[in-house]
Amino acid sequence: MSVVERRVYRRQEGRALPVALPEGESALPADLWNAPQTEAILIYEQAADSSAAVAWAEQYGIPLHLAGSVFEDHTRPRLYEDGQVLLVSVMDPLDPEAEMLVVTKPHAILCLSNRPMSWWSEFVVRWGRGNYLPPYAGPRALYSLLDEVVDAVFPVLDAAQERVDDLGSQIIAGGTVQQASVLQELRILIQLRHQVAPMRDQLNSLLRRDQGCIPDEMRDDFADVYAHTHRILESVELILPFLSTLIETQLNSASLKLNEIMKVLTVSSIVLMSVTLIASIYGMNFKNMPELNHPWGYPIALLSMLLLAAGLILTFRRRGWL
């Protein structure tokens with residue numbers, strides 16, 4: 001099995017104590033998982049490819065299709081419960097390709113991942129300090145883990161909000177922004193929505209069940225996490241239309257600037273065409289043109305051109321075309 005990292009923790013004296021494992025050892029974590037313990041157990045395994053799914057299914061009694069879903073691309077998080085075991089999948093807001101399968105039992109929590117999670121170290125510290133004792137060690141640990149995942153989303157969302165506000169301020173001030181920057185923020189927000197929305201659905205499903213692995217006294221805790229996911233999605237839904245408005249505003253601004261340029265070019269072409277008309281008349285090489293022999297013909301022709309050009313420009317300005 002291509003396990004990159006395997007760790008086992010026991011909770012003692014208000015902190016997470018790692019259990020020493022021989023290199024390549026997998027029997028001890030499976031034994032601690034399958035046999036009820038009097039203390040809380042946390043098991044973490046990270047694997048590089050799907051070859052680990054079969055071993056996970058055999059050692060921990062997880063359905064093979066659920067264990068393999070950790071390594072599938074573009075899969076929606078799943079929820080599975082059989083009365084004793086609760087299984088959910090979570091994500092990392094900083095890495096859209098990272099996925100973790102979290103399985104709980106009354107005495108333990110099992111975390112199977114395809115990549116390192118940015119929030120994992122904070123969760124381990126919190127798990128060591130929490131009141132995680134059987135038979136509610138698994139559900140309480142799951143609440144803490146989900147809470148850490150949601151808390152990790154808020155800084156990403158706040159940073160995106162600040163960048164979007166800056167883009168809006170630049171456009172409102174008359175400046176221009178790279179369309180790629182706007183599309184990048186749009187991609188980040190859509191990615192957050194795709195990650196958080198399934199988690200909200202999972203929590204809603206857990207809260208709507210009358211009986212299950214979540215004790216009644218913990219429903220308020222899970223409801224709080226659900227409220228946070230709902231707030232995140234509401235914020236995302238508010239920012240997305242604003243980004244669309246920014247794109248439309250910049251396109252309209254560019255269109256207005258183009259119209260102004262075209263207006264100037266059109267007026268300039270009309271003025272030059274009128275001046276060219278006089279020059280072309282006196283360049284037709286007819287013999288019987290009295291003005292050709294007039295001593296003041298040349299300066300009169302130039303003066304006529306200037307007066308005509310000035311008259312057209314003044315007319316356009318009075319009409320507000322320039």
# chains A, B, ... in the order shown; residues from 1 in each chain; ligands from 1

$ residues_around --residues "Cys111 (chain A)" --least-positions-apart "3" --cutoff "8 Å" --atoms "only C-alpha atoms" --output "short mmCIF file (atom, residue, chain, number, x, y, z; two decimals) with N, CA and C atoms, in the first residue's frame"
data_model
loop_
_atom_site.label_atom_id
_atom_site.label_comp_id
_atom_site.auth_asym_id
_atom_site.auth_seq_id
_atom_site.Cartn_x
_atom_site.Cartn_y
_atom_site.Cartn_z
N LEU A 42 -7.23 8.81 17.53
CA LEU A 42 -7.23 9.52 16.27
C LEU A 42 -6.24 8.84 15.33
N ILE A 43 -6.74 8.40 14.16
CA ILE A 43 -5.90 7.71 13.18
C ILE A 43 -5.90 8.54 11.90
N TYR A 44 -4.71 8.79 11.38
CA TYR A 44 -4.56 9.57 10.15
C TYR A 44 -3.67 8.81 9.18
N GLU A 45 -4.15 8.67 7.95
CA GLU A 45 -3.34 8.04 6.90
C GLU A 45 -3.48 8.86 5.62
N MET A 100 -10.46 14.42 1.94
CA MET A 100 -10.26 13.55 3.11
C MET A 100 -11.57 12.84 3.43
N LEU A 101 -11.45 11.56 3.68
CA LEU A 101 -12.58 10.75 4.12
C LEU A 101 -12.48 10.62 5.63
N VAL A 102 -13.52 11.05 6.34
CA VAL A 102 -13.53 11.04 7.79
C VAL A 102 -14.56 10.02 8.27
N VAL A 103 -14.11 9.06 9.06
CA VAL A 103 -14.98 8.00 9.57
C VAL A 103 -14.94 8.05 11.09
#

$ residues_around --residues "Glu234 (chain A)" --least-positions-apart "2" --cutoff "12 Å" --atoms "only C-alpha atoms" --output "list in words"
Leu157, Leu189, Leu192, Arg193, Val196, Ala197, Arg200, Ala227, His228, Thr229, His230, Arg231, Ile232, Val236, Glu237, Leu238, Ile239, Leu240 and Pro241 of chain A

$ closest_residue --among "A:Ser255, A:Gln195, A:Thr104, A:Ser244" --to "Gly138 (chain A)" --atoms "only C-alpha atoms"
A:Thr104

$ residues_around --residues "Gln250 (chain A)" --least-positions-apart "5" --cutoff "12 Å" --atoms "only C-alpha atoms" --output "PyMOL selection string"
chain A and resi 167-179+182+243-245+255-257

$ residues_around --residues "Leu203 (chain A)" --least-positions-apart "4" --cutoff "8 Å" --atoms "only C-alpha atoms" --output "list in words"
Met199, Leu207, Phe222, Ala223, Val225 and Tyr226 of chain A

$ write_last_selection --atoms "C-alpha atoms" --output "mmCIF file, in the first residue's frame"
data_model
loop_
_atom_site.group_PDB
_atom_site.id
_atom_site.type_symbol
_atom_site.label_atom_id
_atom_site.label_comp_id
_atom_site.auth_asym_id
_atom_site.auth_seq_id
_atom_site.Cartn_x
_atom_site.Cartn_y
_atom_site.Cartn_z
ATOM 1 C CA MET A 199 -20.768 20.125 3.267
ATOM 2 C CA LEU A 207 -29.425 17.360 11.625
ATOM 3 C CA PHE A 222 -23.425 20.786 14.344
ATOM 4 C CA ALA A 223 -26.177 23.344 13.750
ATOM 5 C CA VAL A 225 -21.274 24.664 11.814
ATOM 6 C CA TYR A 226 -24.229 24.423 9.439
#

$ closest_residue --among "A:Asn114, A:Val149, A:Glu39, A:Gly68" --to "Tyr136 (chain A)" --atoms "only C-alpha atoms"
A:Glu39

$ residues_around --residues "region 308-313 of chain A" --least-positions-apart "6" --cutoff "8 Å" --atoms "only C-alpha atoms" --output "list in words"
Val267, Val271, Leu272, Ser274 and Val275 of chain A

$ write_last_selection --atoms "N, CA and C atoms" --output "compact mmCIF listing (two decimals), in the first residue's frame"
# COMPACT_ATOMS: atom_id res chain seq x y z
N VAL A 267 -15.36 63.15 -36.87
CA VAL A 267 -15.34 64.59 -37.07
C VAL A 267 -14.08 65.00 -37.84
N VAL A 271 -13.89 67.01 -41.48
CA VAL A 271 -13.15 68.26 -41.69
C VAL A 271 -12.14 68.09 -42.82
N LEU A 272 -11.40 67.00 -42.80
CA LEU A 272 -10.39 66.79 -43.84
C LEU A 272 -11.02 66.57 -45.20
N SER A 274 -13.79 67.95 -46.24
CA SER A 274 -14.24 69.27 -46.74
C SER A 274 -13.07 70.06 -47.28
N VAL A 275 -11.93 70.05 -46.58
CA VAL A 275 -10.74 70.76 -47.05
C VAL A 275 -10.23 70.13 -48.34

$ select_by_dssp --residues "region 57-220 of chain A" --states "helix (DSSP H, G or I)" --output "JSON, numbers by chain"
{"A": [57, 58, 59, 60, 64, 65, 66, 67, 68, 69, 70, 71, 120, 121, 122, 123, 124, 125, 126, 127, 128, 129, 137, 138, 139, 140, 141, 142, 143, 144, 145, 146, 147, 148, 149, 150, 151, 152, 153, 154, 155, 156, 157, 158, 159, 160, 161, 162, 163, 164, 165, 166, 167, 168, 169, 170, 171, 172, 179, 180, 181, 182, 183, 184, 185, 186, 187, 188, 189, 190, 191, 192, 193, 194, 195, 196, 197, 198, 199, 200, 201, 202, 203, 204, 205, 206, 207, 208, 216, 217, 218, 219, 220]}

$ atom_distance --atom1 "CA of Ser304 (chain A)" --atom2 "CA of Ile270 (chain A)"
15.6 Å

$ atom_distance --atom1 "CA of Leu79 (chain A)" --atom2 "CA of Leu145 (chain A)"
15.1 Å

$ closest_residue --among "A:Ile281, A:Pro295, A:Asp165, A:Arg11" --to "Arg129 (chain A)" --atoms "only C-alpha atoms"
A:Arg11

$ closest_residue --among "A:Arg10, A:Val85, A:Ala16, A:Pro93" --to "Ile190 (chain A)" --atoms "only C-alpha atoms"
A:Pro93

$ residues_around --residues "Pro135 (chain A)" --least-positions-apart "6" --cutoff "10 Å" --atoms "only C-alpha atoms" --output "list of chain:residue names"
A:Pro36, A:Gln37, A:Thr38, A:Glu39, A:Ala40, A:Lys105, A:Pro106, A:His107, A:Ala108, A:Pro215

$ write_last_selection --atoms "C-alpha atoms" --output "PDB file, in the first residue's frame"
ATOM      1  CA  PRO A  36     -13.460  -0.569  21.372  1.00  0.00           C
ATOM      2  CA  GLN A  37     -11.058   1.489  23.492  1.00  0.00           C
ATOM      3  CA  THR A  38     -11.466   3.261  26.806  1.00  0.00           C
ATOM      4  CA  GLU A  39      -9.679   6.366  25.504  1.00  0.00           C
ATOM      5  CA  ALA A  40     -10.114   8.495  22.426  1.00  0.00           C
ATOM      6  CA  LYS A 105     -16.855   5.393  15.774  1.00  0.00           C
ATOM      7  CA  PRO A 106     -17.891   5.930  19.408  1.00  0.00           C
ATOM      8  CA  HIS A 107     -14.248   5.742  20.512  1.00  0.00           C
ATOM      9  CA  ALA A 108     -12.263   6.923  17.488  1.00  0.00           C
ATOM     10  CA  PRO A 215     -26.043  12.523  19.979  1.00  0.00           C
TER      11      PRO A 215
END

$ closest_atom_pairs --of "region 51-105 of chain A" --to "region 115-120 of chain A" --cutoff "7 Å" --atoms "only C-alpha atoms" --output "tab-separated table"
residue	atom	partner	partner_atom	distance
A:Asp92	CA	A:Met117	CA	5.9
A:Ala98	CA	A:Arg115	CA	5.2
A:Glu99	CA	A:Arg115	CA	6.9
